[in-house]
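Visitor: A single structure is presented below for examination.
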Amino acid sequence: MTIIAQRMGRIQPSPTLAVTKKAADMRARGENVISLGAGEPDFDTPDFVKASGISAIEQGLTKYTAVGGTPTIKEAVRHKFQRDNGLRFKDEEVIVGTGGKQVLFNVLLATVDAGDEVIIPAPYWVSYPDMVRLAEGTPIIVSCGQEHGFKLTPESLASAITPKTKWLIINSPGNPSGAVYSADELRALAGVLDKHPHVHVLSDDMYEHILYDGVQFATLASVAPDLATRVVTVNGVSKAYAMTGWRIGFAGGDAVIIAAMAKIQSQSTSNPCSISQAAAATALRGDQSFLQERNQTFKERRDLVVARLNGVEGLSCPVPQGAFYVFVNCQGVLGRASPSGGTLNDDVALADYLLSQEKVALVAGTAFGSRGYFRISYATSTEALTEACQRIERGCAALR
């Protein structure tokens with residue numbers, strides 16, 4: 001007999017965090033590991049945002065706040081949604097939580113019952129299916145291949161919907177693929193959803209501001225206003241504002257859903273950090289011009305990695321339109337033997353090989369629901385990326 005709850009058997013630890021920890025442990029032992037697993041910008045939090053956090057401490061803003069956020073951060077979130085997305089929310093239609101992950105989890109826990117289905121396009125962010133399982137729902141994985149730009153099509157959406165479907169999750173720009181849905185593509189999906197009023201949409205827009213090559217961001221609630229009451233739009237400050245450790249995410253949506261999320265939050269974490277709320281409000285309302293400069297740096301890194309890996313025999317690296325990941329097709333090197341004699345039959349084995357032999361930490365595509373790929377985060381220095389690509393090339397060349 002075990003004390004551990006049966007629900008824990010439905011889930012696995014986050015693969016991206018596991019890879020990051022393994023790389024950190026190897027570095028602690030003195031090994032020269034380049035970690036490309038975590039989705040964390042290497043930029044510092046902007047100075048004006050840090051100053052706001054310091055000011056909050058000095059002002060004594062260190063007490064409990066309202067569960068779903070202070071009036072200041074809620075106003076900043078509503079301002080952001082209107083400015084960037086043309087979405088107007090009332091105070092009771094927004095909530096602030098301890099990072100985007102908690103906000104997403106609370107949406108699902110507040111709405112999903114046993115047997116409810118949640119459609120998740122693959123490749124997907126690693127935590128979506130396990131969040132659904134913890135809520136006792138059933139993740140319905142829909143494969144969205146490279147031939148479709150790693151994006152859901154109206155036909156595949158229509159075929160996945162059943163009377164049990166409660167949610168569709170859309171992540172754009174996408175993790176791990178960097179795929180971005182255009183306004184027209186979202187309208188086409190909305191055309192399918194129009195016929196199924198029981199299906200709600202969880203729009204994960206965390207990488208909204210990280211776009212390249214003139215690509216324009218679109219979000220479903222904005223381009224399909226008739227569906228807006230069925231959409232919960234999730235965002236945060238972690239990625240664009242380099243505030244991963246500040247742990248602030250937020251959402252806008254129907255007041256009934258938001259209230260249910262707040263009830264869960266009141267019995268779990270309570271309010272997010274008061275200091276982080278003050279800093280995040282400053283980030284959302286402050287000068288946004290630094291985003292363009294940082295995106296240019298991300299683009300240069302993207303172009304470097306794509307060019308280098310496309311030059312490696314057996315690898316194929318599509319060009320992402322957003323976020324800061326490349327999702328590399330490695331099927332051309334699978335089935336080969338490593339110098340030690342073991343055969344690399346899948347992407348997990350390849351990732352383990354590159355970490356052990358070449359000291360490059362990356363995440364196997366299997367973790368994202370897409371076998372035969374691996375994900376690299378290029379949110380790190382050009383020097384580290386250049387060296388990592390050299391090691392990957394050397395490691396692949398050694399396979400026979």
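Identifiers for the structure tokens are assigned positionally: chains receive A, B, ... in sequence, residues are indexed from 1 per chain, and ligands are indexed from 1 in the order shown.
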With the cut-off set at 12 Å and counting only C-alpha atoms, tabulate each residue of region 216-269 of chain A with an atom at most that distance from an atom of region 299-323 of chain A, showing the nearest atom pair and its distance in Å to one decimal, ordered by chain and increasing number, as a tab-separated table.

Guide:
```
residue	atom	partner	partner_atom	distance
A:Gln216	CA	A:Gln321	CA	9.7
A:Phe217	CA	A:Gly322	CA	9.4
A:Lys239	CA	A:Ala323	CA	8.7
A:Ala240	CA	A:Ala323	CA	9.2
```

Visitor: Can I get the selected residues back with C-alpha atoms, as a tab-separated table (two decimals), in the first residue's frame?

Guide:
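New file result21.tsv:
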```tsv
chain	number	residue	atom	x	y	z
A	216	GLN	CA	1.60	39.84	-37.31
A	217	PHE	CA	0.14	38.42	-34.12
A	239	LYS	CA	9.02	35.57	-21.84
A	240	ALA	CA	8.82	38.96	-23.56
```

Visitor: Taking the backbone alone, and naming residues the way the document does, which bits of region 80-208 of chain A are strand (DSSP E or B) by DSSP, as a VMD selection string?

Guide: chain A and resid 94 to 97 117 to 122 138 to 143 165 to 171 200 to 204

Visitor: Next, the residues of the selection above should be written as a PDB file, in the first residue's frame with N, CA and C atoms.

Guide:
```
ATOM      1  N   VAL A  94     -10.870  39.488 -15.455  1.00  0.00           N
ATOM      2  CA  VAL A  94      -9.429  39.243 -15.511  1.00  0.00           C
ATOM      3  C   VAL A  94      -8.949  38.702 -14.174  1.00  0.00           C
ATOM      4  N   ILE A  95      -7.896  37.911 -14.236  1.00  0.00           N
ATOM      5  CA  ILE A  95      -7.276  37.357 -13.038  1.00  0.00           C
ATOM      6  C   ILE A  95      -5.774  37.301 -13.243  1.00  0.00           C
ATOM      7  N   VAL A  96      -5.047  37.495 -12.149  1.00  0.00           N
ATOM      8  CA  VAL A  96      -3.587  37.422 -12.165  1.00  0.00           C
ATOM      9  C   VAL A  96      -3.175  36.274 -11.254  1.00  0.00           C
ATOM     10  N   GLY A  97      -2.259  35.451 -11.737  1.00  0.00           N
ATOM     11  CA  GLY A  97      -1.822  34.290 -10.964  1.00  0.00           C
ATOM     12  C   GLY A  97      -0.315  34.191 -10.888  1.00  0.00           C
ATOM     13  N   GLU A 117     -13.224  15.975 -22.577  1.00  0.00           N
ATOM     14  CA  GLU A 117     -12.096  15.896 -23.509  1.00  0.00           C
ATOM     15  C   GLU A 117     -11.545  17.286 -23.806  1.00  0.00           C
ATOM     16  N   VAL A 118     -10.233  17.354 -23.927  1.00  0.00           N
ATOM     17  CA  VAL A 118      -9.541  18.602 -24.267  1.00  0.00           C
ATOM     18  C   VAL A 118      -8.669  18.328 -25.486  1.00  0.00           C
ATOM     19  N   ILE A 119      -8.932  19.034 -26.567  1.00  0.00           N
ATOM     20  CA  ILE A 119      -8.160  18.854 -27.805  1.00  0.00           C
ATOM     21  C   ILE A 119      -6.854  19.625 -27.697  1.00  0.00           C
ATOM     22  N   ILE A 120      -5.748  18.905 -27.927  1.00  0.00           N
ATOM     23  CA  ILE A 120      -4.409  19.494 -27.822  1.00  0.00           C
ATOM     24  C   ILE A 120      -3.656  19.212 -29.118  1.00  0.00           C
ATOM     25  N   PRO A 121      -3.416  20.218 -29.945  1.00  0.00           N
ATOM     26  CA  PRO A 121      -2.610  20.001 -31.154  1.00  0.00           C
ATOM     27  C   PRO A 121      -1.163  19.671 -30.783  1.00  0.00           C
ATOM     28  N   ALA A 122      -0.596  18.706 -31.498  1.00  0.00           N
ATOM     29  CA  ALA A 122       0.804  18.329 -31.288  1.00  0.00           C
ATOM     30  C   ALA A 122       1.625  18.720 -32.509  1.00  0.00           C
ATOM     31  N   THR A 138      -9.601  14.027 -20.314  1.00  0.00           N
ATOM     32  CA  THR A 138      -8.916  13.186 -21.299  1.00  0.00           C
ATOM     33  C   THR A 138      -8.298  14.063 -22.375  1.00  0.00           C
ATOM     34  N   PRO A 139      -6.957  14.100 -22.476  1.00  0.00           N
ATOM     35  CA  PRO A 139      -6.347  14.854 -23.562  1.00  0.00           C
ATOM     36  C   PRO A 139      -6.521  14.136 -24.889  1.00  0.00           C
ATOM     37  N   ILE A 140      -7.001  14.856 -25.888  1.00  0.00           N
ATOM     38  CA  ILE A 140      -7.147  14.313 -27.239  1.00  0.00           C
ATOM     39  C   ILE A 140      -6.063  14.956 -28.091  1.00  0.00           C
ATOM     40  N   ILE A 141      -5.054  14.180 -28.407  1.00  0.00           N
ATOM     41  CA  ILE A 141      -3.893  14.709 -29.124  1.00  0.00           C
ATOM     42  C   ILE A 141      -4.138  14.630 -30.627  1.00  0.00           C
ATOM     43  N   VAL A 142      -4.021  15.764 -31.293  1.00  0.00           N
ATOM     44  CA  VAL A 142      -4.196  15.836 -32.741  1.00  0.00           C
ATOM     45  C   VAL A 142      -2.844  16.174 -33.365  1.00  0.00           C
ATOM     46  N   SER A 143      -2.314  15.259 -34.141  1.00  0.00           N
ATOM     47  CA  SER A 143      -1.006  15.463 -34.759  1.00  0.00           C
ATOM     48  C   SER A 143      -1.094  16.524 -35.855  1.00  0.00           C
ATOM     49  N   THR A 165     -16.184  16.964 -25.915  1.00  0.00           N
ATOM     50  CA  THR A 165     -15.147  17.997 -26.006  1.00  0.00           C
ATOM     51  C   THR A 165     -15.551  19.221 -25.201  1.00  0.00           C
ATOM     52  N   LYS A 166     -14.666  19.664 -24.318  1.00  0.00           N
ATOM     53  CA  LYS A 166     -14.940  20.869 -23.549  1.00  0.00           C
ATOM     54  C   LYS A 166     -14.026  22.013 -23.958  1.00  0.00           C
ATOM     55  N   TRP A 167     -12.762  21.704 -24.266  1.00  0.00           N
ATOM     56  CA  TRP A 167     -11.789  22.750 -24.596  1.00  0.00           C
ATOM     57  C   TRP A 167     -10.966  22.369 -25.816  1.00  0.00           C
ATOM     58  N   LEU A 168     -10.529  23.384 -26.518  1.00  0.00           N
ATOM     59  CA  LEU A 168      -9.442  23.321 -27.494  1.00  0.00           C
ATOM     60  C   LEU A 168      -8.349  24.248 -26.993  1.00  0.00           C
ATOM     61  N   ILE A 169      -7.115  23.780 -26.982  1.00  0.00           N
ATOM     62  CA  ILE A 169      -5.987  24.628 -26.597  1.00  0.00           C
ATOM     63  C   ILE A 169      -5.250  25.066 -27.852  1.00  0.00           C
ATOM     64  N   ILE A 170      -5.074  26.384 -27.994  1.00  0.00           N
ATOM     65  CA  ILE A 170      -4.291  26.948 -29.094  1.00  0.00           C
ATOM     66  C   ILE A 170      -3.136  27.733 -28.498  1.00  0.00           C
ATOM     67  N   ASN A 171      -1.929  27.444 -28.964  1.00  0.00           N
ATOM     68  CA  ASN A 171      -0.726  28.133 -28.489  1.00  0.00           C
ATOM     69  C   ASN A 171      -0.025  28.769 -29.690  1.00  0.00           C
ATOM     70  N   HIS A 200     -15.106  25.251 -25.771  1.00  0.00           N
ATOM     71  CA  HIS A 200     -14.443  26.491 -25.396  1.00  0.00           C
ATOM     72  C   HIS A 200     -12.990  26.445 -25.858  1.00  0.00           C
ATOM     73  N   VAL A 201     -12.343  27.605 -25.877  1.00  0.00           N
ATOM     74  CA  VAL A 201     -10.964  27.699 -26.373  1.00  0.00           C
ATOM     75  C   VAL A 201     -10.081  28.346 -25.326  1.00  0.00           C
ATOM     76  N   LEU A 202      -8.984  27.688 -25.047  1.00  0.00           N
ATOM     77  CA  LEU A 202      -7.945  28.212 -24.167  1.00  0.00           C
ATOM     78  C   LEU A 202      -6.817  28.704 -25.059  1.00  0.00           C
ATOM     79  N   SER A 203      -6.683  30.029 -25.168  1.00  0.00           N
ATOM     80  CA  SER A 203      -5.703  30.634 -26.072  1.00  0.00           C
ATOM     81  C   SER A 203      -4.473  31.033 -25.265  1.00  0.00           C
ATOM     82  N   ASP A 204      -3.380  30.293 -25.451  1.00  0.00           N
ATOM     83  CA  ASP A 204      -2.126  30.543 -24.737  1.00  0.00           C
ATOM     84  C   ASP A 204      -1.250  31.436 -25.605  1.00  0.00           C
TER      85      ASP A 204
END
```

Visitor: With only C-alpha atoms as the atoms that count, which of A:Gly37, A:Gly115, A:Gly286, A:Gly342 lies nearest to Pro163 (chain A)?

Guide: A:Gly115

Visitor: If you count only C-alpha atoms, which residues fall within 10 Å of region 224-236 of chain A, apart from same-chain ones fewer than 5 positions away, as a ChimeraX atom specification?

Guide: /A:77,81,87,93-101,103-104,107,167-171,183,186-191,193-194,197-208,219,241,243-244,247-255,257-258,280,284

Visitor: Let's see if you can do this: from backbone DSSP, list all helix (DSSP H, G or I) residues in region 173-343 of chain A, as a PyMOL selection string.

Guide: chain A and resi 183-193+220-223+225-230+244-246+255-266+274-285+290-310

Visitor: Of the candidates A:Lys50, A:Lys195, A:Arg133, A:His209, which shows the shortest atom-to-atom distance to Gln277 (chain A), using only C-alpha atoms?

Guide: A:Lys50

Visitor: Using only C-alpha atoms, find the one residue out of A:Thr153, A:Ser274, A:Thr269, A:Ser340 that sits nearest to Thr72 (chain A).

Guide: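 Result for the nearest residue to Thr72 (chain A): A:Ser274.
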
Visitor: Considering only C-alpha atoms, state which residue in the set A:Leu61, A:Leu385, A:Val112, A:Ala337 is at the smallest distance from Ala398 (chain A).

Guide: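 Using only C-alpha atoms, the shortest distance to Ala398 (chain A) belongs to A:Ala337.
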
Visitor: Near region 366-383 of chain A, counting only C-alpha atoms, which residues have an atom at most 9 Å away, once you skip same-chain residues fewer than 3 positions from it, shown as a PDB file with N, CA and C atoms, in the first residue's frame?

Guide:
```pdb
ATOM      1  N   SER A  14       7.889  17.458 -15.473  1.00  0.00           N
ATOM      2  CA  SER A  14       8.117  18.238 -16.689  1.00  0.00           C
ATOM      3  C   SER A  14       9.426  17.826 -17.351  1.00  0.00           C
ATOM      4  N   PRO A  15       9.399  17.364 -18.611  1.00  0.00           N
ATOM      5  CA  PRO A  15      10.638  16.951 -19.283  1.00  0.00           C
ATOM      6  C   PRO A  15      11.631  18.089 -19.462  1.00  0.00           C
ATOM      7  N   THR A  16      11.137  19.305 -19.709  1.00  0.00           N
ATOM      8  CA  THR A  16      12.065  20.417 -19.911  1.00  0.00           C
ATOM      9  C   THR A  16      12.785  20.757 -18.614  1.00  0.00           C
ATOM     10  N   SER A  35      23.413  24.205 -21.988  1.00  0.00           N
ATOM     11  CA  SER A  35      22.013  23.867 -21.763  1.00  0.00           C
ATOM     12  C   SER A  35      21.112  24.678 -22.687  1.00  0.00           C
ATOM     13  N   LEU A  36      20.430  23.977 -23.577  1.00  0.00           N
ATOM     14  CA  LEU A  36      19.495  24.601 -24.515  1.00  0.00           C
ATOM     15  C   LEU A  36      18.087  24.064 -24.294  1.00  0.00           C
ATOM     16  N   GLY A  37      17.817  23.635 -23.052  1.00  0.00           N
ATOM     17  CA  GLY A  37      16.542  23.013 -22.762  1.00  0.00           C
ATOM     18  C   GLY A  37      15.482  23.968 -22.259  1.00  0.00           C
ATOM     19  N   ALA A  38      15.862  24.890 -21.384  1.00  0.00           N
ATOM     20  CA  ALA A  38      14.858  25.736 -20.731  1.00  0.00           C
ATOM     21  C   ALA A  38      14.423  26.884 -21.633  1.00  0.00           C
ATOM     22  N   GLY A  39      13.133  27.219 -21.552  1.00  0.00           N
ATOM     23  CA  GLY A  39      12.599  28.350 -22.302  1.00  0.00           C
ATOM     24  C   GLY A  39      12.689  29.617 -21.478  1.00  0.00           C
ATOM     25  N   GLU A  40      13.904  30.092 -21.291  1.00  0.00           N
ATOM     26  CA  GLU A  40      14.128  31.250 -20.432  1.00  0.00           C
ATOM     27  C   GLU A  40      15.069  32.243 -21.111  1.00  0.00           C
ATOM     28  N   PRO A  41      14.593  33.459 -21.372  1.00  0.00           N
ATOM     29  CA  PRO A  41      15.471  34.446 -22.012  1.00  0.00           C
ATOM     30  C   PRO A  41      16.710  34.722 -21.171  1.00  0.00           C
ATOM     31  N   ASP A  42      17.840  34.900 -21.830  1.00  0.00           N
ATOM     32  CA  ASP A  42      19.054  35.249 -21.095  1.00  0.00           C
ATOM     33  C   ASP A  42      19.149  36.741 -20.827  1.00  0.00           C
ATOM     34  N   PHE A  43      18.232  37.527 -21.407  1.00  0.00           N
ATOM     35  CA  PHE A  43      18.197  38.962 -21.109  1.00  0.00           C
ATOM     36  C   PHE A  43      17.807  39.183 -19.653  1.00  0.00           C
ATOM     37  N   PRO A 121      -3.416  20.218 -29.945  1.00  0.00           N
ATOM     38  CA  PRO A 121      -2.610  20.001 -31.154  1.00  0.00           C
ATOM     39  C   PRO A 121      -1.163  19.671 -30.783  1.00  0.00           C
ATOM     40  N   ALA A 122      -0.596  18.706 -31.498  1.00  0.00           N
ATOM     41  CA  ALA A 122       0.804  18.329 -31.288  1.00  0.00           C
ATOM     42  C   ALA A 122       1.625  18.720 -32.509  1.00  0.00           C
ATOM     43  N   PRO A 123       2.827  19.288 -32.296  1.00  0.00           N
ATOM     44  CA  PRO A 123       3.542  19.378 -31.023  1.00  0.00           C
ATOM     45  C   PRO A 123       2.926  20.385 -30.064  1.00  0.00           C
ATOM     46  N   TYR A 124       3.006  20.056 -28.770  1.00  0.00           N
ATOM     47  CA  TYR A 124       2.379  20.875 -27.739  1.00  0.00           C
ATOM     48  C   TYR A 124       3.385  21.176 -26.631  1.00  0.00           C
ATOM     49  N   TRP A 125       3.070  22.224 -25.855  1.00  0.00           N
ATOM     50  CA  TRP A 125       3.851  22.482 -24.650  1.00  0.00           C
ATOM     51  C   TRP A 125       3.669  21.307 -23.699  1.00  0.00           C
ATOM     52  N   VAL A 126       4.750  20.863 -23.091  1.00  0.00           N
ATOM     53  CA  VAL A 126       4.776  19.578 -22.390  1.00  0.00           C
ATOM     54  C   VAL A 126       3.744  19.450 -21.281  1.00  0.00           C
ATOM     55  N   SER A 127       3.319  20.553 -20.679  1.00  0.00           N
ATOM     56  CA  SER A 127       2.458  20.461 -19.499  1.00  0.00           C
ATOM     57  C   SER A 127       0.964  20.330 -19.813  1.00  0.00           C
ATOM     58  N   ILE A 141      -5.054  14.180 -28.407  1.00  0.00           N
ATOM     59  CA  ILE A 141      -3.893  14.709 -29.124  1.00  0.00           C
ATOM     60  C   ILE A 141      -4.138  14.630 -30.627  1.00  0.00           C
ATOM     61  N   SER A 143      -2.314  15.259 -34.141  1.00  0.00           N
ATOM     62  CA  SER A 143      -1.006  15.463 -34.759  1.00  0.00           C
ATOM     63  C   SER A 143      -1.094  16.524 -35.855  1.00  0.00           C
ATOM     64  N   CYS A 144      -0.234  17.516 -35.748  1.00  0.00           N
ATOM     65  CA  CYS A 144      -0.162  18.610 -36.730  1.00  0.00           C
ATOM     66  C   CYS A 144       1.239  18.607 -37.311  1.00  0.00           C
ATOM     67  N   GLY A 145       1.395  17.935 -38.408  1.00  0.00           N
ATOM     68  CA  GLY A 145       2.714  17.662 -38.943  1.00  0.00           C
ATOM     69  C   GLY A 145       3.414  18.875 -39.534  1.00  0.00           C
ATOM     70  N   ASN A 175       5.096  26.807 -28.699  1.00  0.00           N
ATOM     71  CA  ASN A 175       6.200  26.085 -28.068  1.00  0.00           C
ATOM     72  C   ASN A 175       5.860  24.604 -28.221  1.00  0.00           C
ATOM     73  N   PRO A 176       6.677  23.826 -28.979  1.00  0.00           N
ATOM     74  CA  PRO A 176       8.087  24.040 -29.290  1.00  0.00           C
ATOM     75  C   PRO A 176       8.403  24.519 -30.706  1.00  0.00           C
ATOM     76  N   SER A 177       7.392  24.698 -31.553  1.00  0.00           N
ATOM     77  CA  SER A 177       7.654  24.827 -32.986  1.00  0.00           C
ATOM     78  C   SER A 177       7.925  26.244 -33.457  1.00  0.00           C
ATOM     79  N   PHE A 298      17.028  37.958 -30.989  1.00  0.00           N
ATOM     80  CA  PHE A 298      16.485  36.604 -31.116  1.00  0.00           C
ATOM     81  C   PHE A 298      16.500  36.146 -32.572  1.00  0.00           C
ATOM     82  N   GLU A 300      18.512  37.082 -34.998  1.00  0.00           N
ATOM     83  CA  GLU A 300      19.886  36.772 -35.406  1.00  0.00           C
ATOM     84  C   GLU A 300      20.301  35.401 -34.885  1.00  0.00           C
ATOM     85  N   ARG A 301      19.918  35.097 -33.666  1.00  0.00           N
ATOM     86  CA  ARG A 301      20.233  33.780 -33.107  1.00  0.00           C
ATOM     87  C   ARG A 301      19.468  32.681 -33.837  1.00  0.00           C
ATOM     88  N   ARG A 302      18.198  32.940 -34.125  1.00  0.00           N
ATOM     89  CA  ARG A 302      17.411  31.967 -34.878  1.00  0.00           C
ATOM     90  C   ARG A 302      18.071  31.660 -36.211  1.00  0.00           C
ATOM     91  N   LEU A 304      21.118  32.011 -37.144  1.00  0.00           N
ATOM     92  CA  LEU A 304      22.379  31.286 -36.948  1.00  0.00           C
ATOM     93  C   LEU A 304      22.114  29.795 -36.754  1.00  0.00           C
ATOM     94  N   VAL A 305      21.198  29.466 -35.850  1.00  0.00           N
ATOM     95  CA  VAL A 305      20.948  28.067 -35.520  1.00  0.00           C
ATOM     96  C   VAL A 305      20.326  27.337 -36.705  1.00  0.00           C
ATOM     97  N   PHE A 324      11.162  31.433 -29.219  1.00  0.00           N
ATOM     98  CA  PHE A 324      12.625  31.348 -29.343  1.00  0.00           C
ATOM     99  C   PHE A 324      13.111  29.903 -29.297  1.00  0.00           C
ATOM    100  N   TYR A 325      12.442  29.086 -30.121  1.00  0.00           N
ATOM    101  CA  TYR A 325      12.809  27.679 -30.248  1.00  0.00           C
ATOM    102  C   TYR A 325      12.911  27.291 -31.718  1.00  0.00           C
ATOM    103  N   VAL A 326      13.770  26.314 -31.983  1.00  0.00           N
ATOM    104  CA  VAL A 326      13.716  25.607 -33.259  1.00  0.00           C
ATOM    105  C   VAL A 326      13.334  24.167 -32.960  1.00  0.00           C
ATOM    106  N   PHE A 327      12.512  23.600 -33.831  1.00  0.00           N
ATOM    107  CA  PHE A 327      12.043  22.226 -33.672  1.00  0.00           C
ATOM    108  C   PHE A 327      12.622  21.439 -34.833  1.00  0.00           C
ATOM    109  N   VAL A 328      13.664  20.683 -34.544  1.00  0.00           N
ATOM    110  CA  VAL A 328      14.533  20.107 -35.566  1.00  0.00           C
ATOM    111  C   VAL A 328      14.110  18.679 -35.905  1.00  0.00           C
ATOM    112  N   ASN A 329      13.908  18.429 -37.186  1.00  0.00           N
ATOM    113  CA  ASN A 329      13.605  17.084 -37.664  1.00  0.00           C
ATOM    114  C   ASN A 329      14.913  16.290 -37.705  1.00  0.00           C
ATOM    115  N   CYS A 330      14.969  15.251 -36.869  1.00  0.00           N
ATOM    116  CA  CYS A 330      16.211  14.469 -36.771  1.00  0.00           C
ATOM    117  C   CYS A 330      16.039  13.048 -37.302  1.00  0.00           C
ATOM    118  N   GLN A 331      14.974  12.801 -38.052  1.00  0.00           N
ATOM    119  CA  GLN A 331      14.700  11.441 -38.506  1.00  0.00           C
ATOM    120  C   GLN A 331      15.805  10.890 -39.407  1.00  0.00           C
ATOM    121  N   GLY A 332      16.546  11.811 -40.036  1.00  0.00           N
ATOM    122  CA  GLY A 332      17.611  11.374 -40.930  1.00  0.00           C
ATOM    123  C   GLY A 332      18.818  10.784 -40.231  1.00  0.00           C
ATOM    124  N   LEU A 334      18.344   9.002 -37.150  1.00  0.00           N
ATOM    125  CA  LEU A 334      17.882   7.919 -36.287  1.00  0.00           C
ATOM    126  C   LEU A 334      18.145   6.564 -36.939  1.00  0.00           C
ATOM    127  N   ASP A 346      15.469   6.363 -31.484  1.00  0.00           N
ATOM    128  CA  ASP A 346      14.454   7.414 -31.404  1.00  0.00           C
ATOM    129  C   ASP A 346      15.084   8.725 -30.940  1.00  0.00           C
ATOM    130  N   ASP A 347      14.255   9.765 -30.895  1.00  0.00           N
ATOM    131  CA  ASP A 347      14.755  11.097 -30.548  1.00  0.00           C
ATOM    132  C   ASP A 347      15.205  11.169 -29.094  1.00  0.00           C
ATOM    133  N   VAL A 348      14.609  10.361 -28.219  1.00  0.00           N
ATOM    134  CA  VAL A 348      15.035  10.340 -26.817  1.00  0.00           C
ATOM    135  C   VAL A 348      16.464   9.829 -26.708  1.00  0.00           C
ATOM    136  N   LEU A 350      18.706   9.933 -29.064  1.00  0.00           N
ATOM    137  CA  LEU A 350      19.588  10.938 -29.652  1.00  0.00           C
ATOM    138  C   LEU A 350      19.870  12.063 -28.654  1.00  0.00           C
ATOM    139  N   ALA A 351      18.840  12.516 -27.965  1.00  0.00           N
ATOM    140  CA  ALA A 351      19.037  13.580 -26.976  1.00  0.00           C
ATOM    141  C   ALA A 351      19.967  13.118 -25.864  1.00  0.00           C
ATOM    142  N   ALA A 361      22.575  19.930 -23.912  1.00  0.00           N
ATOM    143  CA  ALA A 361      21.280  19.541 -23.368  1.00  0.00           C
ATOM    144  C   ALA A 361      20.168  20.144 -24.214  1.00  0.00           C
ATOM    145  N   LEU A 362      19.323  19.291 -24.763  1.00  0.00           N
ATOM    146  CA  LEU A 362      18.143  19.701 -25.530  1.00  0.00           C
ATOM    147  C   LEU A 362      17.004  18.758 -25.178  1.00  0.00           C
ATOM    148  N   VAL A 363      15.814  19.012 -25.711  1.00  0.00           N
ATOM    149  CA  VAL A 363      14.646  18.236 -25.309  1.00  0.00           C
ATOM    150  C   VAL A 363      14.140  17.429 -26.500  1.00  0.00           C
ATOM    151  N   THR A 386      26.723  28.937 -31.039  1.00  0.00           N
ATOM    152  CA  THR A 386      27.708  28.548 -32.046  1.00  0.00           C
ATOM    153  C   THR A 386      28.436  27.286 -31.621  1.00  0.00           C
ATOM    154  N   GLU A 387      28.879  27.257 -30.367  1.00  0.00           N
ATOM    155  CA  GLU A 387      29.578  26.084 -29.857  1.00  0.00           C
ATOM    156  C   GLU A 387      28.656  24.870 -29.808  1.00  0.00           C
ATOM    157  N   ALA A 388      27.395  25.075 -29.405  1.00  0.00           N
ATOM    158  CA  ALA A 388      26.450  23.961 -29.343  1.00  0.00           C
ATOM    159  C   ALA A 388      26.212  23.360 -30.721  1.00  0.00           C
TER     160      ALA A 388
END
```

Visitor: Give me, please, the distance in Å between CA of Ile210 (chain A) and CA of Asp287 (chain A), quoted to one decimal.

Guide: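 Spanning CA of Ile210 (chain A) to CA of Asp287 (chain A) is a straight-line distance of 16.1 Å.
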
Visitor: With distances taken over only C-alpha atoms, which of A:Arg10, A:Arg400, A:Lys22, A:Lys80 is nearest to Gly341 (chain A)?

Guide: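 Smallest separation from Gly341 (chain A) among the options: A:Arg400.
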
Visitor: Need to verify the contact set: region 354-358 of chain A, 7 Å, only C-alpha atoms, exclusion of same-chain residues closer than 5 positions in sequence. Can you return it as a ChimeraX atom specification?

Guide: /A:391-392,395

Visitor: Can those selected residues be exported to a file as a JSON list (two decimals), in the first residue's frame so that it contains all heavy atoms?

Guide:
```
[["chain", "number", "residue", "atom", "x", "y", "z"],
["A", 391, "ARG", "N", 29.06, 21.21, -31.70],
["A", 391, "ARG", "CA", 29.03, 19.92, -30.99],
["A", 391, "ARG", "C", 27.98, 18.99, -31.59],
["A", 391, "ARG", "O", 28.21, 17.78, -31.73],
["A", 391, "ARG", "CB", 28.76, 20.15, -29.51],
["A", 391, "ARG", "CG", 29.86, 20.91, -28.78],
["A", 391, "ARG", "CD", 29.53, 21.02, -27.29],
["A", 391, "ARG", "NE", 30.47, 21.87, -26.58],
["A", 391, "ARG", "CZ", 30.49, 22.02, -25.25],
["A", 391, "ARG", "NH1", 29.60, 21.37, -24.52],
["A", 391, "ARG", "NH2", 31.37, 22.82, -24.67],
["A", 392, "ILE", "N", 26.80, 19.53, -31.91],
["A", 392, "ILE", "CA", 25.75, 18.70, -32.51],
["A", 392, "ILE", "C", 26.21, 18.16, -33.85],
["A", 392, "ILE", "O", 26.01, 16.98, -34.17],
["A", 392, "ILE", "CB", 24.45, 19.52, -32.66],
["A", 392, "ILE", "CG1", 23.86, 19.83, -31.28],
["A", 392, "ILE", "CG2", 23.42, 18.76, -33.51],
["A", 392, "ILE", "CD1", 22.72, 20.83, -31.30],
["A", 395, "GLY", "N", 28.69, 15.46, -33.20],
["A", 395, "GLY", "CA", 28.05, 14.27, -32.69],
["A", 395, "GLY", "C", 27.30, 13.50, -33.76],
["A", 395, "GLY", "O", 27.36, 12.27, -33.81]]
```

Visitor: Neighbouring residues of Ser268 (chain A) were defined as those with any atom within 12 Å, considering only C-alpha atoms; residues of the same chain fewer than 2 positions away were excluded. Please report them as a list of chain:residue names.

Guide: A:Val67, A:Gly97, A:Thr98, A:Gln102, A:Phe105, A:Asn106, A:Leu109, A:Met261, A:Ala262, A:Lys263, A:Ile264, A:Gln265, A:Ser266, A:Ser270, A:Asn271, A:Pro272

Visitor: Could you tell me how far CA of Ile54 (chain A) sits from CA of Ala242 (chain A), in Å to one decimal place?

Guide: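 Going from CA of Ala242 (chain A) over to CA of Ile54 (chain A) covers 16.6 Å.
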